Amino acid sequence: MSLSVGQVSRLAGVTVRTLHHYDEIGLLCPGERTAAGYRRYTDDDLVRLQQVLLYRELGFPLEEIAVILDDPQVDEVTQLRRQHELLSRKSERLREVIAAVERAIEARSLGIALTPRERLEVFGRFRPEDHEAEVERRWGGTDAYAESRRRVASYTKGDWVELKAEAEAIGAELAAAFTGGLPAGGVRAMDLAERHRLHICRWFYTCTYDIHRCLGELYVSDPRFTAAYDEVTPGLAGYVREAIAANADRHSP
């Protein structure tokens, strides 16, 4: 059973004018015609149309599609396998593009106003937006969360570079105190814990001693935080928690 040009147009989602054009250039000539000269498309014509549309979706020009489809050395199964490979490649590229757009949307929603190059220079492979959903789930309704979002929205590349350098310096000094055998409850470690708290206050939100104590607990209860600290020096996460707790106790009424 053959189909009219209008039926094929609706079925394939292409215009009648497009089908007429394909016929005129010899790319898709209907296999049948009525006595009045109207086009009728057979099942084989529909298979060819599907192949044409697939190659068009992949960006091939009509002239090249005609050459590909009319190659006597290539059968239908080979054509389909080729199309499957090309579509798979395109799908992978689209996934990469979609992921890049999603990351850009997430970064903008976080208020990180940096260019892609600046983000790479500041954060390297770390992407803050990867942790945003969890951060919002844990602290989204708090004043600290709102304050942090408001502050970082205005930060320039220079601000992020300074913030990162300051954090790394405090971390390095905590590691040195730990490897040097200084007690977590000693003055040096507690002073470094205080600098850590003030760093958060300066750049993100008002970090009270109670909040800081909770962060210290998080450093050992969350394997990701523990791994980040212990990658510098094994056992550092626990040391930082103890120093933070001792410092909080020192400042408690």
# chains A, B, ... in the order shown; residues from 1 in each chain; ligands from 1
>>> closest_atom_pairs(of="segment 150-211 of chain A", to="segment 227-236 of chain A", cutoff="12 Å", atoms="only C-alpha atoms", output="JSON lines")
{"residue": "A:Glu168", "atom": "CA", "partner": "A:Val232", "partner_atom": "CA", "distance": 10.9}
{"residue": "A:Gly171", "atom": "CA", "partner": "A:Tyr229", "partner_atom": "CA", "distance": 8.5}
{"residue": "A:Ala172", "atom": "CA", "partner": "A:Val232", "partner_atom": "CA", "distance": 8.5}
{"residue": "A:Glu173", "atom": "CA", "partner": "A:Leu236", "partner_atom": "CA", "distance": 11.2}
{"residue": "A:Leu174", "atom": "CA", "partner": "A:Leu236", "partner_atom": "CA", "distance": 8.0}
{"residue": "A:Ala175", "atom": "CA", "partner": "A:Leu236", "partner_atom": "CA", "distance": 6.5}
{"residue": "A:Ala176", "atom": "CA", "partner": "A:Thr233", "partner_atom": "CA", "distance": 9.2}
{"residue": "A:Ala177", "atom": "CA", "partner": "A:Leu236", "partner_atom": "CA", "distance": 9.8}
{"residue": "A:Phe178", "atom": "CA", "partner": "A:Leu236", "partner_atom": "CA", "distance": 6.9}
{"residue": "A:Thr179", "atom": "CA", "partner": "A:Thr233", "partner_atom": "CA", "distance": 7.8}
{"residue": "A:Gly180", "atom": "CA", "partner": "A:Thr233", "partner_atom": "CA", "distance": 11.5}
{"residue": "A:Gly181", "atom": "CA", "partner": "A:Leu236", "partner_atom": "CA", "distance": 11.6}
{"residue": "A:Ala184", "atom": "CA", "partner": "A:Leu236", "partner_atom": "CA", "distance": 10.3}
{"residue": "A:Ala189", "atom": "CA", "partner": "A:Leu236", "partner_atom": "CA", "distance": 11.8}
>>> closest_residue(among="A:Glu76, A:Asp71, A:Glu162, A:Asp143", to="Tyr205 of chain A", atoms="only C-alpha atoms")
A:Asp143
>>> atom_distance(atom1="atom CA of His251 of chain A", atom2="atom CA of Met190 of chain A")
10.3 Å
>>> atom_distance(atom1="atom CA of Ile68 of chain A", atom2="atom CA of Val52 of chain A")
9.8 Å
>>> atom_distance(atom1="atom CA of Glu166 of chain A", atom2="atom CA of Arg197 of chain A")
12.0 Å
>>> closest_residue(among="A:Gly186, A:Gly13, A:Ala245, A:Tyr239", to="Ile211 of chain A", atoms="only C-alpha atoms")
A:Ala245
>>> closest_residue(among="A:Ala144, A:Arg33, A:Ile25, A:Leu58", to="Ser91 of chain A", atoms="only C-alpha atoms")
A:Leu58
>>> residues_around(residues="Ala167 of chain A", least_positions_apart="6", cutoff="12 Å", atoms="only C-alpha atoms", output="PDB file with N, CA and C atoms, in the first residue's frame")
ATOM      1  N   TRP A 160      38.805  35.363  44.527  1.00  0.00           N
ATOM      2  CA  TRP A 160      38.871  33.911  44.667  1.00  0.00           C
ATOM      3  C   TRP A 160      40.314  33.441  44.832  1.00  0.00           C
ATOM      4  N   VAL A 161      41.229  34.072  44.111  1.00  0.00           N
ATOM      5  CA  VAL A 161      42.640  33.692  44.237  1.00  0.00           C
ATOM      6  C   VAL A 161      43.129  33.977  45.656  1.00  0.00           C
ATOM      7  N   GLU A 173      49.651  25.298  57.599  1.00  0.00           N
ATOM      8  CA  GLU A 173      50.144  25.517  58.963  1.00  0.00           C
ATOM      9  C   GLU A 173      49.527  24.523  59.945  1.00  0.00           C
ATOM     10  N   LEU A 174      48.270  24.159  59.728  1.00  0.00           N
ATOM     11  CA  LEU A 174      47.655  23.131  60.561  1.00  0.00           C
ATOM     12  C   LEU A 174      48.356  21.786  60.354  1.00  0.00           C
ATOM     13  N   LEU A 192      45.446  28.557  65.223  1.00  0.00           N
ATOM     14  CA  LEU A 192      45.218  28.247  63.806  1.00  0.00           C
ATOM     15  C   LEU A 192      43.744  27.930  63.552  1.00  0.00           C
ATOM     16  N   ALA A 193      43.112  27.234  64.490  1.00  0.00           N
ATOM     17  CA  ALA A 193      41.675  26.965  64.362  1.00  0.00           C
ATOM     18  C   ALA A 193      40.886  28.267  64.353  1.00  0.00           C
ATOM     19  N   ARG A 195      42.030  31.156  63.287  1.00  0.00           N
ATOM     20  CA  ARG A 195      42.247  31.751  61.952  1.00  0.00           C
ATOM     21  C   ARG A 195      41.349  31.090  60.918  1.00  0.00           C
ATOM     22  N   HIS A 196      41.161  29.796  61.034  1.00  0.00           N
ATOM     23  CA  HIS A 196      40.276  29.055  60.132  1.00  0.00           C
ATOM     24  C   HIS A 196      38.844  29.586  60.251  1.00  0.00           C
ATOM     25  N   ARG A 197      38.394  29.803  61.477  1.00  0.00           N
ATOM     26  CA  ARG A 197      37.040  30.334  61.699  1.00  0.00           C
ATOM     27  C   ARG A 197      36.905  31.744  61.140  1.00  0.00           C
ATOM     28  N   LEU A 198      37.896  32.581  61.389  1.00  0.00           N
ATOM     29  CA  LEU A 198      37.845  33.958  60.902  1.00  0.00           C
ATOM     30  C   LEU A 198      37.916  34.018  59.381  1.00  0.00           C
ATOM     31  N   HIS A 199      38.604  33.065  58.785  1.00  0.00           N
ATOM     32  CA  HIS A 199      38.640  32.978  57.317  1.00  0.00           C
ATOM     33  C   HIS A 199      37.227  32.768  56.775  1.00  0.00           C
ATOM     34  N   ILE A 200      36.479  31.892  57.401  1.00  0.00           N
ATOM     35  CA  ILE A 200      35.095  31.655  56.982  1.00  0.00           C
ATOM     36  C   ILE A 200      34.264  32.919  57.187  1.00  0.00           C
ATOM     37  N   ARG A 202      35.289  35.965  57.177  1.00  0.00           N
ATOM     38  CA  ARG A 202      35.692  37.009  56.233  1.00  0.00           C
ATOM     39  C   ARG A 202      35.106  36.785  54.847  1.00  0.00           C
ATOM     40  N   TRP A 203      35.086  35.539  54.409  1.00  0.00           N
ATOM     41  CA  TRP A 203      34.763  35.281  53.011  1.00  0.00           C
ATOM     42  C   TRP A 203      33.348  34.753  52.764  1.00  0.00           C
TER      43      TRP A 203
END
>>> closest_residue(among="A:Gly31, A:Gly26, A:Pro61, A:Asp45", to="Ala12 of chain A", atoms="only C-alpha atoms")
A:Asp45
>>> decode(residues="segment 47-83 of chain A", atoms="C-alpha atoms", output="compact mmCIF listing (two decimals), in the first residue's frame")
# COMPACT_ATOMS: atom_id res chain seq x y z
CA VAL A 47 12.98 3.52 4.10
CA ARG A 48 15.03 5.78 1.84
CA LEU A 49 13.33 8.87 3.27
CA GLN A 50 14.23 7.74 6.78
CA GLN A 51 17.86 7.40 5.71
CA VAL A 52 17.81 10.82 4.06
CA LEU A 53 16.40 12.43 7.20
CA LEU A 54 18.97 10.71 9.40
CA TYR A 55 21.85 11.98 7.31
CA ARG A 56 20.29 15.44 7.24
CA GLU A 57 20.10 15.36 11.04
CA LEU A 58 23.81 14.57 11.04
CA GLY A 59 24.52 17.62 8.90
CA PHE A 60 25.26 16.01 5.56
CA PRO A 61 24.42 18.08 2.43
CA LEU A 62 21.81 16.66 0.07
CA GLU A 63 24.32 16.05 -2.72
CA GLU A 64 26.52 13.96 -0.44
CA ILE A 65 23.53 12.03 0.89
CA ALA A 66 22.60 11.05 -2.67
CA VAL A 67 26.11 9.73 -3.30
CA ILE A 68 26.10 7.75 -0.05
CA LEU A 69 22.70 6.17 -0.58
CA ASP A 70 23.30 5.33 -4.22
CA ASP A 71 26.62 3.60 -3.60
CA PRO A 72 26.14 0.09 -5.08
CA GLN A 73 28.78 -1.35 -2.76
CA VAL A 74 26.83 -0.46 0.40
CA ASP A 75 23.71 -2.38 1.42
CA GLU A 76 20.93 -1.22 3.74
CA VAL A 77 22.34 -2.91 6.86
CA THR A 78 25.71 -1.26 6.30
CA GLN A 79 23.98 2.09 5.89
CA LEU A 80 22.13 1.60 9.17
CA ARG A 81 25.30 0.63 10.99
CA ARG A 82 27.06 3.70 9.64
CA GLN A 83 24.17 5.89 10.70
